[in-house]
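Engineer: Here you go, this is query07.txt (compact mmCIF, C-alpha atoms and all ligand atoms).
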# COMPACT_ATOMS: atom_id res chain seq x y z
CA MET N 3 -28.79 2.58 3.50
CA ARG N 4 -27.56 4.65 6.42
CA LEU N 5 -23.80 4.66 6.55
CA PRO N 6 -21.52 4.65 8.42
CA TYR N 7 -22.23 3.41 11.94
CA ARG N 8 -25.30 1.27 11.35
CA SER N 9 -26.44 -0.67 14.33
CA ILE N 10 -25.01 -4.14 14.60
CA ASP N 11 -26.91 -7.19 13.48
CA LYS N 12 -25.95 -9.71 16.16
CA LYS N 13 -27.08 -12.80 14.29
CA ASN N 14 -24.99 -11.84 11.32
CA VAL N 15 -21.89 -11.30 13.44
CA LEU N 16 -22.24 -14.66 15.15
CA LEU N 17 -22.73 -16.39 11.83
CA ARG N 18 -19.63 -14.78 10.40
CA ARG N 19 -17.56 -15.75 13.43
CA GLU N 20 -18.73 -19.34 12.95
CA ASN N 21 -17.87 -19.24 9.24
CA GLN N 22 -14.48 -17.84 10.03
CA LYS N 23 -13.76 -20.60 12.54
CA ASN N 24 -14.72 -23.22 10.01
CA ASN N 25 -12.79 -21.43 7.35
CA ILE N 26 -15.70 -21.36 4.91
CA ASN N 27 -15.81 -17.60 4.62
CA HIS N 28 -12.68 -17.55 2.55
CA LYS N 29 -12.96 -17.44 -1.20
CA ALA N 30 -10.56 -16.38 -3.88
CA MET N 31 -11.26 -12.85 -5.10
CA LYS N 32 -13.79 -12.73 -7.92
CA ARG N 33 -15.19 -9.19 -8.09
CA ILE N 34 -12.73 -6.49 -7.09
CA LEU N 35 -13.14 -2.76 -6.36
CA ILE N 36 -10.02 -0.60 -6.38
CA VAL N 37 -10.49 2.67 -4.47
CA GLY N 38 -7.81 5.16 -5.53
CA ALA N 39 -7.07 3.48 -8.88
CA SER N 40 -5.22 6.50 -10.30
CA GLY N 41 -2.58 6.61 -7.56
CA GLN N 42 0.93 5.17 -7.50
CA ILE N 43 -0.16 1.65 -6.50
CA GLY N 44 -3.65 1.66 -8.06
CA SER N 45 -2.44 2.58 -11.54
CA GLU N 46 -0.36 -0.63 -11.65
CA LEU N 47 -2.51 -2.89 -9.48
CA THR N 48 -5.60 -2.30 -11.66
CA PRO N 49 -4.13 -3.56 -14.98
CA ALA N 50 -2.29 -6.39 -13.18
CA PHE N 51 -5.52 -7.58 -11.55
CA ARG N 52 -7.46 -7.21 -14.80
CA LYS N 53 -5.00 -9.65 -16.37
CA ILE N 54 -5.36 -12.15 -13.52
CA TYR N 55 -9.07 -11.88 -12.66
CA GLY N 56 -10.53 -10.70 -16.00
CA SER N 57 -11.11 -7.09 -17.10
CA ASP N 58 -14.82 -7.08 -16.29
CA ASN N 59 -14.19 -8.21 -12.72
CA VAL N 60 -11.94 -5.34 -11.66
CA VAL N 61 -13.68 -2.00 -11.09
CA ALA N 62 -11.39 1.02 -11.04
CA SER N 63 -12.50 4.05 -9.02
CA ASP N 64 -11.11 7.40 -8.01
CA LEU N 65 -12.20 10.84 -6.92
CA ILE N 66 -10.69 12.30 -10.08
CA TYR N 67 -13.05 11.20 -12.81
CA PRO N 68 -13.15 10.18 -15.62
CA LEU N 69 -10.07 8.04 -15.10
CA ARG N 70 -7.11 8.11 -17.46
CA PRO N 71 -7.94 6.26 -20.73
CA GLU N 72 -5.66 3.30 -19.96
CA LEU N 73 -7.70 2.62 -16.79
CA ALA N 74 -11.13 3.75 -18.07
CA ASP N 75 -11.04 1.94 -21.41
CA ALA N 76 -9.84 -1.43 -20.18
CA GLY N 77 -12.66 -2.29 -17.76
CA PRO N 78 -15.47 -0.93 -15.59
CA SER N 79 -14.91 2.28 -13.67
CA VAL N 80 -16.84 4.52 -11.29
CA LYS N 81 -16.33 7.82 -9.47
CA ILE N 82 -15.88 7.33 -5.74
CA ASP N 83 -15.17 9.93 -3.08
CA ALA N 84 -13.78 7.54 -0.46
CA THR N 85 -14.73 9.92 2.33
CA LYS N 86 -18.39 9.22 1.38
CA ALA N 87 -19.50 5.76 2.54
CA GLN N 88 -22.50 5.82 0.25
CA ASP N 89 -20.29 6.10 -2.85
CA ILE N 90 -18.46 2.93 -1.81
CA ALA N 91 -21.66 1.09 -0.84
CA ASP N 92 -23.31 1.96 -4.18
CA ALA N 93 -20.36 0.61 -6.15
CA VAL N 94 -20.15 -2.58 -4.05
CA LYS N 95 -23.85 -3.24 -4.65
CA LYS N 96 -23.85 -2.31 -8.33
CA PHE N 97 -20.83 -4.44 -9.24
CA ASN N 98 -21.42 -7.24 -6.74
CA ILE N 99 -17.97 -6.73 -5.20
CA ASP N 100 -16.35 -9.29 -2.87
CA THR N 101 -13.00 -7.55 -2.20
CA ILE N 102 -12.22 -3.85 -1.69
CA PHE N 103 -8.72 -2.42 -2.14
CA ASN N 104 -8.58 0.76 -0.14
CA LEU N 105 -5.65 2.69 -1.58
CA ALA N 106 -6.72 6.25 -0.73
CA ALA N 107 -4.04 8.04 1.32
CA ILE N 108 -2.01 11.24 1.64
CA LEU N 109 1.70 10.34 1.93
CA SER N 110 3.90 11.21 4.89
CA ALA N 111 5.60 14.52 4.07
CA LYS N 112 2.54 15.98 2.32
CA ALA N 113 0.23 15.02 5.21
CA GLU N 114 2.50 16.90 7.65
CA LEU N 115 1.59 20.09 5.77
CA ASN N 116 -2.14 19.40 6.20
CA PRO N 117 -2.67 16.92 9.07
CA MET N 118 -6.48 17.16 8.99
CA LEU N 119 -6.50 16.19 5.33
CA GLY N 120 -4.16 13.28 6.10
CA TRP N 121 -6.49 12.04 8.83
CA ASN N 122 -9.74 12.62 6.92
CA VAL N 123 -8.58 10.78 3.81
CA GLY N 124 -6.66 8.02 5.63
CA ILE N 125 -9.19 7.20 8.32
CA GLY N 126 -12.38 8.44 6.66
CA ALA N 127 -11.83 6.15 3.68
CA LEU N 128 -10.80 3.23 5.84
CA LEU N 129 -13.73 3.39 8.20
CA ASN N 130 -16.12 3.71 5.27
CA CYS N 131 -14.59 0.67 3.54
CA LEU N 132 -14.78 -1.35 6.77
CA GLU N 133 -18.41 -0.42 7.38
CA VAL N 134 -19.39 -1.28 3.82
CA ALA N 135 -17.43 -4.53 4.12
CA ARG N 136 -19.31 -5.43 7.30
CA GLU N 137 -22.63 -4.68 5.66
CA TYR N 138 -21.96 -6.47 2.36
CA ASN N 139 -19.58 -9.19 3.56
CA THR N 140 -16.57 -8.18 1.48
CA ALA N 141 -12.85 -8.51 2.23
CA VAL N 142 -10.74 -5.36 2.63
CA PHE N 143 -7.07 -4.75 1.86
CA THR N 144 -5.53 -1.51 3.17
CA PRO N 145 -1.81 -0.77 2.89
CA SER N 146 0.03 0.08 6.08
CA SER N 147 3.61 1.34 5.96
CA ILE N 148 7.05 1.62 7.51
CA GLY N 149 5.51 4.92 8.62
CA ALA N 150 3.55 2.99 11.26
CA PHE N 151 6.78 2.87 13.28
CA GLY N 152 8.46 5.67 15.21
CA PRO N 153 11.70 6.74 16.88
CA GLU N 154 11.29 4.34 19.83
CA THR N 155 10.86 1.32 17.50
CA PRO N 156 13.98 -0.87 17.16
CA HIS N 157 15.41 0.32 13.84
CA ASP N 158 17.51 -2.71 12.86
CA GLY N 159 15.57 -5.86 12.08
CA THR N 160 12.34 -4.17 13.22
CA PRO N 161 10.24 -7.02 14.64
CA GLN N 162 6.74 -7.85 13.39
CA ASP N 163 5.26 -7.10 16.81
CA THR N 164 6.96 -4.16 18.47
CA ILE N 165 6.48 -0.64 19.80
CA GLN N 166 4.56 1.63 17.39
CA ARG N 167 4.56 5.29 18.39
CA PRO N 168 4.84 7.20 15.06
CA LYS N 169 5.33 10.95 15.19
CA THR N 170 3.71 11.79 11.82
CA ILE N 171 -0.01 12.11 11.10
CA TYR N 172 0.52 9.61 8.28
CA GLY N 173 1.91 7.12 10.81
CA VAL N 174 -0.92 7.84 13.22
CA THR N 175 -3.44 7.01 10.47
CA LYS N 176 -1.54 3.83 9.61
CA VAL N 177 -1.44 2.53 13.19
CA THR N 178 -5.09 3.45 13.63
CA GLY N 179 -5.83 1.65 10.37
CA GLU N 180 -4.08 -1.48 11.58
CA LEU N 181 -6.01 -1.44 14.85
CA LEU N 182 -9.38 -0.74 13.22
CA SER N 183 -8.83 -3.45 10.62
CA ASP N 184 -7.98 -6.02 13.31
CA TYR N 185 -10.99 -4.84 15.31
CA TYR N 186 -13.39 -5.32 12.41
CA HIS N 187 -11.96 -8.75 11.82
CA LYS N 188 -12.26 -9.89 15.41
CA ARG N 189 -15.51 -8.17 16.23
CA PHE N 190 -17.44 -8.59 12.98
CA GLY N 191 -15.58 -11.29 11.07
CA VAL N 192 -14.61 -8.97 8.23
CA ASP N 193 -11.75 -10.47 6.22
CA THR N 194 -9.24 -7.64 6.63
CA ARG N 195 -5.60 -8.03 5.55
CA SER N 196 -2.70 -5.64 5.20
CA VAL N 197 1.04 -5.23 4.68
CA ARG N 198 3.45 -2.58 5.96
CA PHE N 199 4.88 -1.40 2.66
CA PRO N 200 8.35 0.07 2.48
CA GLY N 201 9.10 2.79 -0.09
CA ILE N 202 7.70 1.57 -3.39
CA ILE N 203 9.72 2.29 -6.52
CA SER N 204 7.71 2.44 -9.72
CA ASN N 205 7.62 3.94 -13.21
CA VAL N 206 3.95 4.44 -14.17
CA THR N 207 2.59 7.03 -11.72
CA LEU N 208 4.87 9.11 -9.51
CA PRO N 209 4.23 8.96 -5.77
CA GLY N 210 3.22 12.31 -4.31
CA GLY N 211 4.72 13.76 -1.16
CA GLY N 212 6.28 10.70 0.47
CA THR N 213 9.58 10.50 2.34
CA THR N 214 10.78 7.59 0.20
CA ASP N 215 9.93 9.38 -3.09
CA TYR N 216 13.59 10.29 -3.66
CA ALA N 217 14.28 6.65 -4.58
CA VAL N 218 11.84 7.00 -7.51
CA GLU N 219 12.84 10.53 -8.49
CA ILE N 220 16.53 9.64 -8.68
CA TYR N 221 15.88 7.31 -11.65
CA TYR N 222 13.88 9.95 -13.56
CA ALA N 223 16.56 12.56 -12.83
CA ALA N 224 19.35 10.22 -13.94
CA ILE N 225 17.67 9.59 -17.29
CA LYS N 226 16.32 13.08 -17.96
CA GLU N 227 18.98 15.38 -16.50
CA GLY N 228 22.00 13.31 -15.57
CA LYS N 229 22.04 14.90 -12.11
CA PHE N 230 20.02 14.66 -8.89
CA THR N 231 19.68 16.70 -5.70
CA CYS N 232 18.94 14.35 -2.81
CA PRO N 233 16.68 15.57 0.04
CA LEU N 234 18.05 12.99 2.51
CA LYS N 235 21.56 12.73 3.85
CA GLU N 236 24.06 9.97 3.19
CA GLY N 237 23.56 6.92 5.36
CA THR N 238 19.77 7.28 5.68
CA LEU N 239 18.68 3.65 5.45
CA MET N 240 15.08 2.72 4.61
CA ASP N 241 13.31 -0.39 3.34
CA MET N 242 12.34 -0.34 -0.34
CA MET N 243 10.56 -2.55 -2.89
CA TYR N 244 10.02 -2.60 -6.66
CA MET N 245 6.38 -2.31 -7.74
CA PRO N 246 6.08 -5.81 -9.31
CA ASP N 247 6.94 -7.31 -5.90
CA ALA N 248 4.41 -5.02 -4.19
CA ILE N 249 1.65 -6.18 -6.57
CA HIS N 250 2.67 -9.78 -6.06
CA ALA N 251 2.57 -9.35 -2.27
CA ILE N 252 -0.96 -7.90 -2.34
CA CYS N 253 -2.24 -10.72 -4.50
CA GLN N 254 -0.48 -13.44 -2.52
CA LEU N 255 -1.70 -12.19 0.85
CA MET N 256 -5.30 -11.79 -0.32
CA GLU N 257 -5.31 -15.29 -1.77
CA ALA N 258 -3.60 -16.85 1.29
CA ASP N 259 -5.36 -19.53 3.30
CA PRO N 260 -6.81 -17.62 6.28
CA SER N 261 -6.24 -20.54 8.62
CA LYS N 262 -2.46 -19.97 8.18
CA LEU N 263 -2.62 -16.29 9.14
CA ILE N 264 -1.55 -15.61 12.71
CA HIS N 265 -1.26 -11.89 11.95
CA ARG N 266 -3.52 -9.84 9.71
CA ASN N 267 -3.05 -6.10 10.12
CA SER N 268 -0.34 -5.68 9.28
CA PHE N 269 2.62 -7.73 7.96
CA ASN N 270 6.17 -6.33 7.70
CA ILE N 271 7.43 -6.89 4.16
CA THR N 272 10.64 -5.71 2.53
CA ALA N 273 12.78 -6.45 -0.48
CA MET N 274 15.89 -4.31 0.07
CA SER N 275 17.31 -1.58 2.29
CA PHE N 276 19.66 1.17 1.15
CA GLY N 277 20.70 4.78 1.65
CA PRO N 278 21.00 7.49 -1.06
CA GLU N 279 24.69 6.84 -1.71
CA THR N 280 24.05 3.17 -2.50
CA ILE N 281 21.25 3.70 -5.03
CA TYR N 282 23.32 6.50 -6.57
CA ALA N 283 26.34 4.19 -6.96
CA GLU N 284 24.12 1.52 -8.52
CA ILE N 285 22.72 3.93 -11.13
CA LYS N 286 26.21 5.29 -11.83
CA LYS N 287 27.31 1.81 -12.90
CA HIS N 288 24.95 2.25 -15.87
CA ILE N 289 25.27 6.03 -16.34
CA PRO N 290 28.88 6.91 -15.46
CA ASP N 291 28.38 10.69 -15.85
CA PHE N 292 25.46 10.80 -13.39
CA THR N 293 26.08 13.16 -10.46
CA MET N 294 24.31 13.64 -7.12
CA THR N 295 24.48 16.43 -4.54
CA TYR N 296 22.69 16.74 -1.19
CA ASP N 297 20.25 19.43 -0.11
CA VAL N 298 18.66 18.00 3.02
CA ASP N 299 14.96 18.65 3.62
CA PRO N 300 14.62 18.74 7.44
CA LEU N 301 10.99 17.55 7.36
CA LYS N 302 11.77 14.49 5.25
CA GLN N 303 15.03 13.79 7.09
CA GLY N 304 13.25 13.86 10.45
CA ILE N 305 10.62 11.43 9.20
CA ALA N 306 13.18 9.09 7.60
CA ASP N 307 15.26 9.03 10.79
CA SER N 308 12.21 7.90 12.78
CA TRP N 309 11.53 4.92 10.47
CA PRO N 310 13.18 1.47 10.44
CA ASN N 311 16.56 0.90 8.78
CA TYR N 312 15.32 -2.54 7.81
CA MET N 313 12.39 -4.67 8.93
CA ASP N 314 12.20 -8.32 9.85
CA ASP N 315 9.60 -9.80 7.50
CA SER N 316 9.84 -13.43 8.66
CA ALA N 317 6.16 -13.54 9.74
CA ALA N 318 5.04 -12.78 6.16
CA ARG N 319 7.53 -15.31 4.84
CA SER N 320 6.28 -18.09 7.08
CA GLU N 321 2.53 -17.30 7.18
CA TRP N 322 1.93 -16.73 3.45
CA ASN N 323 5.26 -17.48 1.73
CA TRP N 324 6.24 -13.89 0.98
CA LYS N 325 9.43 -13.71 -1.09
CA PRO N 326 10.53 -10.73 -3.23
CA GLU N 327 12.06 -11.17 -6.67
CA TYR N 328 13.84 -7.88 -7.21
CA ASP N 329 16.94 -6.54 -5.47
CA LEU N 330 18.61 -3.15 -6.03
CA GLN N 331 20.64 -4.47 -8.99
CA SER N 332 17.78 -6.07 -10.93
CA MET N 333 15.36 -3.23 -10.13
CA THR N 334 17.86 -0.64 -11.41
CA VAL N 335 18.34 -2.49 -14.70
CA ASP N 336 14.58 -2.60 -15.23
CA MET N 337 13.83 0.99 -14.12
CA LEU N 338 16.53 2.43 -16.39
CA LYS N 339 15.40 0.32 -19.36
CA VAL N 340 11.76 1.41 -19.01
CA LEU N 341 12.57 5.10 -18.50
CA LYS N 342 15.18 5.20 -21.30
CA GLU N 343 12.58 3.88 -23.73
CA ARG N 344 9.93 6.27 -22.45
CA PHE N 345 12.11 9.38 -22.71
CA ASN N 346 13.90 8.24 -25.89
CA LYS N 347 17.35 8.33 -24.31
N1 LIG N 401 6.17 5.85 0.75
C1 LIG N 401 5.55 6.32 1.96
C2 LIG N 401 6.02 7.68 2.31
O1 LIG N 401 7.18 7.95 2.11
C3 LIG N 401 5.83 5.41 3.11
O2 LIG N 401 4.93 4.38 3.14
O3 LIG N 401 5.26 8.45 2.81
Show this structure as structure tokens.
Ligand code: SER
Structural biologist:
Amino acid sequence: MRLPYRSIDKKNVLLRRENQKNNINHKAMKRILIVGASGQIGSELTPAFRKIYGSDNVVASDLIYPLRPELADAGPSVKIDATKAQDIADAVKKFNIDTIFNLAAILSAKAELNPMLGWNVGIGALLNCLEVAREYNTAVFTPSSIGAFGPETPHDGTPQDTIQRPKTIYGVTKVTGELLSDYYHKRFGVDTRSVRFPGIISNVTLPGGGTTDYAVEIYYAAIKEGKFTCPLKEGTLMDMMYMPDAIHAICQLMEADPSKLIHRNSFNITAMSFGPETIYAEIKKHIPDFTMTYDVDPLKQGIADSWPNYMDDSAARSEWNWKPEYDLQSMTVDMLKVLKERFNK
């Protein structure tokens, strides 16, 4: 198979458009491929999906191979370099995949240090997944982000459909990803869906090089050292979400009735919005001796200032019943409990 950019089979496209109109293309996910299974989202999405869809039906893949034992031992796995379309196509064929989760990305602050890498991973992987999806008739989920917005975007109650002129390479890849995913849906009938994730707070795999990472690191620092140096200044509001809600959102959107979806790529979703001083105060309720000082990182601060303070996620709520479970209080209780146990504190 020559990939990417195979010539277009017109009959196939027309048939898919017809299927889409009649809503018979939609099926619940049965055979799932997770690209980037070792990352922050993949390392929790993989076991969660294995519970829901059956271990044998969820194939974990990553560039770094073999995968960690907890991912490798619990179900099928394969090495995939997402910048190589053939790797993805081979896995889709071999495992008879119907849905691809494209989680390969370089986060915002890290990508600023190597923009070409940010573009090549973000867009290379996406285009390859879309081409394979067109060829093998699979669905594709790709996360977008609050990073898809920029300084000109309304920051308070950021609308679903609004100006998107990001100033980071990460944001440029996310907007491009949204456009390409919508294009493949409209042009070829590929079932593409996506959410604009806020900062995701989690306790299995640390995020690497994101602007919202401080909201994860602060919990580890509170438990391990009792003190934290914050790279963002007081009053820097950003949307955030606890990982269980992020997993739930992915599953709910991918299982949603396509006839109800007015939007596809990509839905605003949020669970909470806070600045450093608020998360600090929340942790301090549980660890009274915890201290925090500020040492502002200009790169991260500039990025954070260009992103929404809080998004309006009413489209996701009305089109596929999005509703988060965790707020800052309940997330903090859970994060501290998990990390205390892990680090024997
Ligand atoms: N967590 C990401 C970042 O900070 C945003 O989607 O780069």
Engineer: What residues have any atom no more than 9 Å from ligand LIG 401 (chain N) when counting all atoms listed in the file, and can you list them as an mmCIF file with C-alpha atoms, in the coordinates of the input?
Structural biologist:
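Done, and the output landed in result09.cif:
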data_model
loop_
_atom_site.group_PDB
_atom_site.id
_atom_site.type_symbol
_atom_site.label_atom_id
_atom_site.label_comp_id
_atom_site.auth_asym_id
_atom_site.auth_seq_id
_atom_site.Cartn_x
_atom_site.Cartn_y
_atom_site.Cartn_z
ATOM 1 C CA ILE N 108 -2.010 11.240 1.640
ATOM 2 C CA LEU N 109 1.700 10.340 1.930
ATOM 3 C CA SER N 110 3.900 11.210 4.890
ATOM 4 C CA ALA N 111 5.600 14.520 4.070
ATOM 5 C CA LYS N 112 2.540 15.980 2.320
ATOM 6 C CA ALA N 113 0.230 15.020 5.210
ATOM 7 C CA PRO N 145 -1.810 -0.770 2.890
ATOM 8 C CA SER N 146 0.030 0.080 6.080
ATOM 9 C CA SER N 147 3.610 1.340 5.960
ATOM 10 C CA ILE N 148 7.050 1.620 7.510
ATOM 11 C CA GLY N 149 5.510 4.920 8.620
ATOM 12 C CA ALA N 150 3.550 2.990 11.260
ATOM 13 C CA TYR N 172 0.520 9.610 8.280
ATOM 14 C CA GLY N 173 1.910 7.120 10.810
ATOM 15 C CA ARG N 198 3.450 -2.580 5.960
ATOM 16 C CA PHE N 199 4.880 -1.400 2.660
ATOM 17 C CA PRO N 200 8.350 0.070 2.480
ATOM 18 C CA GLY N 201 9.100 2.790 -0.090
ATOM 19 C CA ILE N 202 7.700 1.570 -3.390
ATOM 20 C CA ILE N 203 9.720 2.290 -6.520
ATOM 21 C CA PRO N 209 4.230 8.960 -5.770
ATOM 22 C CA GLY N 210 3.220 12.310 -4.310
ATOM 23 C CA GLY N 211 4.720 13.760 -1.160
ATOM 24 C CA GLY N 212 6.280 10.700 0.470
ATOM 25 C CA THR N 213 9.580 10.500 2.340
ATOM 26 C CA THR N 214 10.780 7.590 0.200
ATOM 27 C CA ASP N 215 9.930 9.380 -3.090
ATOM 28 C CA TYR N 216 13.590 10.290 -3.660
ATOM 29 C CA MET N 242 12.340 -0.340 -0.340
ATOM 30 C CA LYS N 302 11.770 14.490 5.250
ATOM 31 C CA ILE N 305 10.620 11.430 9.200
ATOM 32 C CA ALA N 306 13.180 9.090 7.600
#
Engineer: Excluding segment 287-295 of chain N and its own-chain neighbours fewer than 2 positions away, which residues fall within 10 Å of it when counting only C-alpha atoms? Please give them as JSON, numbers by chain.
Structural biologist: {"N": [220, 223, 224, 225, 227, 228, 229, 230, 231, 232, 233, 235, 278, 279, 282, 283, 284, 285, 297, 298, 331, 334, 335, 338]}
Engineer: Grab the residues selected above and save them as a JSON list (two decimals), in the frame of the given file with C-alpha atoms.
Structural biologist:
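Saved file out-v3.json follows:
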[["chain", "number", "residue", "atom", "x", "y", "z"],
["N", 220, "ILE", "CA", 16.53, 9.64, -8.68],
["N", 223, "ALA", "CA", 16.56, 12.56, -12.83],
["N", 224, "ALA", "CA", 19.35, 10.22, -13.94],
["N", 225, "ILE", "CA", 17.67, 9.59, -17.29],
["N", 227, "GLU", "CA", 18.98, 15.38, -16.50],
["N", 228, "GLY", "CA", 22.00, 13.31, -15.57],
["N", 229, "LYS", "CA", 22.04, 14.90, -12.11],
["N", 230, "PHE", "CA", 20.02, 14.66, -8.89],
["N", 231, "THR", "CA", 19.68, 16.70, -5.70],
["N", 232, "CYS", "CA", 18.94, 14.35, -2.81],
["N", 233, "PRO", "CA", 16.68, 15.57, 0.04],
["N", 235, "LYS", "CA", 21.56, 12.73, 3.85],
["N", 278, "PRO", "CA", 21.00, 7.49, -1.06],
["N", 279, "GLU", "CA", 24.69, 6.84, -1.71],
["N", 282, "TYR", "CA", 23.32, 6.50, -6.57],
["N", 283, "ALA", "CA", 26.34, 4.19, -6.96],
["N", 284, "GLU", "CA", 24.12, 1.52, -8.52],
["N", 285, "ILE", "CA", 22.72, 3.93, -11.13],
["N", 297, "ASP", "CA", 20.25, 19.43, -0.11],
["N", 298, "VAL", "CA", 18.66, 18.00, 3.02],
["N", 331, "GLN", "CA", 20.64, -4.47, -8.99],
["N", 334, "THR", "CA", 17.86, -0.64, -11.41],
["N", 335, "VAL", "CA", 18.34, -2.49, -14.70],
["N", 338, "LEU", "CA", 16.53, 2.43, -16.39]]
Engineer: Within 12 Å of segment 256-272 of chain N, which residues of segment 94-199 of chain N show up? Give each one with its shortest atom-to-atom distance in Å (one decimal) and the two atoms involved, counting all atoms listed in the file, rows by chain then rising residue number, as a Markdown table.
Structural biologist:
| residue | atom | partner | partner_atom | distance |
| --- | --- | --- | --- | --- |
| N:Asp100 | CA | N:Met256 | CA | 11.6 |
| N:Thr101 | CA | N:Met256 | CA | 9.0 |
| N:Ile102 | CA | N:Met256 | CA | 10.6 |
| N:Phe103 | CA | N:Met256 | CA | 10.1 |
| N:Thr140 | CA | N:Met256 | CA | 12.0 |
| N:Ala141 | CA | N:Met256 | CA | 8.6 |
| N:Val142 | CA | N:Met256 | CA | 8.9 |
| N:Phe143 | CA | N:Met256 | CA | 7.6 |
| N:Thr144 | CA | N:Asn267 | CA | 8.7 |
| N:Pro145 | CA | N:Ser268 | CA | 8.2 |
| N:Ser146 | CA | N:Ser268 | CA | 6.6 |
| N:Ser147 | CA | N:Asn270 | CA | 8.3 |
| N:Ile148 | CA | N:Asn270 | CA | 8.0 |
| N:Gly149 | CA | N:Asn270 | CA | 11.3 |
| N:Ala150 | CA | N:Ser268 | CA | 9.7 |
| N:Phe151 | CA | N:Asn270 | CA | 10.8 |
| N:Gly159 | CA | N:Asn270 | CA | 10.4 |
| N:Thr160 | CA | N:Asn270 | CA | 8.6 |
| N:Pro161 | CA | N:Asn270 | CA | 8.1 |
| N:Gln162 | CA | N:Asn270 | CA | 5.9 |
| N:Asp163 | CA | N:Asn270 | CA | 9.2 |
| N:Thr164 | CA | N:Asn270 | CA | 11.0 |
| N:Gln166 | CA | N:Ser268 | CA | 12.0 |
| N:Lys176 | CA | N:Ser268 | CA | 9.6 |
| N:Val177 | CA | N:Ser268 | CA | 9.2 |
| N:Thr178 | CA | N:Asn267 | CA | 10.4 |
| N:Gly179 | CA | N:Asn267 | CA | 8.2 |
| N:Glu180 | CA | N:Asn267 | CA | 5.0 |
| N:Leu181 | CA | N:Asn267 | CA | 7.3 |
| N:Leu182 | CA | N:Asn267 | CA | 8.9 |
| N:Ser183 | CA | N:Asn267 | CA | 6.4 |
| N:Asp184 | CA | N:Asn267 | CA | 5.9 |
| N:Tyr185 | CA | N:Asn267 | CA | 9.6 |
| N:Tyr186 | CA | N:Asn267 | CA | 10.6 |
| N:His187 | CA | N:Arg266 | CA | 8.8 |
| N:Lys188 | CA | N:Arg266 | CA | 10.4 |
| N:Gly191 | CA | N:Pro260 | CA | 11.8 |
| N:Val192 | CA | N:Arg266 | CA | 11.2 |
| N:Asp193 | CA | N:Pro260 | CA | 8.7 |
| N:Thr194 | CA | N:Arg266 | CA | 6.9 |
| N:Arg195 | CA | N:Arg266 | CA | 5.0 |
| N:Ser196 | CA | N:Ser268 | CA | 4.7 |
| N:Val197 | CA | N:Phe269 | CA | 4.4 |
| N:Arg198 | CA | N:Asn270 | CA | 4.9 |
| N:Phe199 | CA | N:Ile271 | CA | 6.2 |
Engineer: Between atom CA of Gly120 of chain N and atom CA of Leu73 of chain N, what is the distance, to one decimal in Å?
Structural biologist: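 Atom-to-atom, atom CA of Gly120 of chain N to atom CA of Leu73 of chain N, that is 25.5 Å.
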Engineer: Calculated over only C-alpha atoms, which of the candidates N:Met337, N:Ala135, N:Leu208, N:Leu255 has the smallest distance to Asn98 of chain N?
Structural biologist: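 Comparing N:Met337, N:Ala135, N:Leu208, N:Leu255 against Asn98 of chain N, the winner is N:Ala135.
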Engineer: Compile the contact shell of Ile99 of chain N as a PDB file with C-alpha atoms, in the coordinates of the input: residues with an atom at most 9 Å away, counting all atoms listed in the file, same-chain residues fewer than 4 positions apart removed.
Structural biologist:
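Result went into out_4.pdb, see below:
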ATOM      1  CA  LYS N  32     -13.790 -12.730  -7.920  1.00  0.00           C
ATOM      2  CA  ARG N  33     -15.190  -9.190  -8.090  1.00  0.00           C
ATOM      3  CA  ILE N  34     -12.730  -6.490  -7.090  1.00  0.00           C
ATOM      4  CA  LEU N  35     -13.140  -2.760  -6.360  1.00  0.00           C
ATOM      5  CA  ASN N  59     -14.190  -8.210 -12.720  1.00  0.00           C
ATOM      6  CA  VAL N  60     -11.940  -5.340 -11.660  1.00  0.00           C
ATOM      7  CA  VAL N  61     -13.680  -2.000 -11.090  1.00  0.00           C
ATOM      8  CA  ALA N  93     -20.360   0.610  -6.150  1.00  0.00           C
ATOM      9  CA  VAL N  94     -20.150  -2.580  -4.050  1.00  0.00           C
ATOM     10  CA  LYS N  95     -23.850  -3.240  -4.650  1.00  0.00           C
ATOM     11  CA  TYR N 138     -21.960  -6.470   2.360  1.00  0.00           C
ATOM     12  CA  THR N 140     -16.570  -8.180   1.480  1.00  0.00           C
TER      13      THR N 140
END
Engineer: List as a list in words the protein and nucleic acid residues near Ala76 of chain N, meaning an atom at most 9 Å away when all atoms listed in the file are counted, but skip any in the same chain fewer than 2 places from it.
Structural biologist: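 Within the cut-off, the hits are Pro49, Arg52, Ser57, Asp58, Pro71, Glu72, Leu73, Ala74 and Pro78 of chain N.
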Engineer: Would you mind reading off the distance between atom CA of Lys286 of chain N and atom CA of Asp158 of chain N, one decimal, in Å?
Structural biologist: 27.4 Å
Engineer: If I wrap all listed atoms of segment 65-70 of chain N in a box with edges along x, y and z and add 5 Å on each side, what are its centre and edge lengths in Å to one decimal, as JSON?
Structural biologist:
{"center_x": -10.1, "center_y": 10.2, "center_z": -12.2, "size_x": 16.0, "size_y": 14.3, "size_z": 20.5}
Engineer: Of the candidates N:Lys226, N:His157, N:Lys81, N:Arg167, which shows the shortest atom-to-atom distance to Arg344 of chain N, using all atoms listed in the file?
Structural biologist: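 Comparing N:Lys226, N:His157, N:Lys81, N:Arg167 against Arg344 of chain N, the winner is N:Lys226.
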Engineer: Would you list the residues near (-13.1, 8.6, -4.7) (no more than 9 Å away, in the coordinates of the file, using all atoms listed in the file) as a count of residues only?
Structural biologist: 19
Engineer: Please, what distance in Å, to one decimal, runs between atom CA of Gly277 of chain N and atom CA of Glu46 of chain N?
Structural biologist: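 These two atoms are separated by 25.5 Å.
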Engineer: Using only C-alpha atoms, find the one residue out of N:Ala107, N:Leu330, N:Val123, N:Leu341 that sits nearest to Ile43 of chain N.
Structural biologist: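 So, comparing all the options, the nearest one is N:Ala107.
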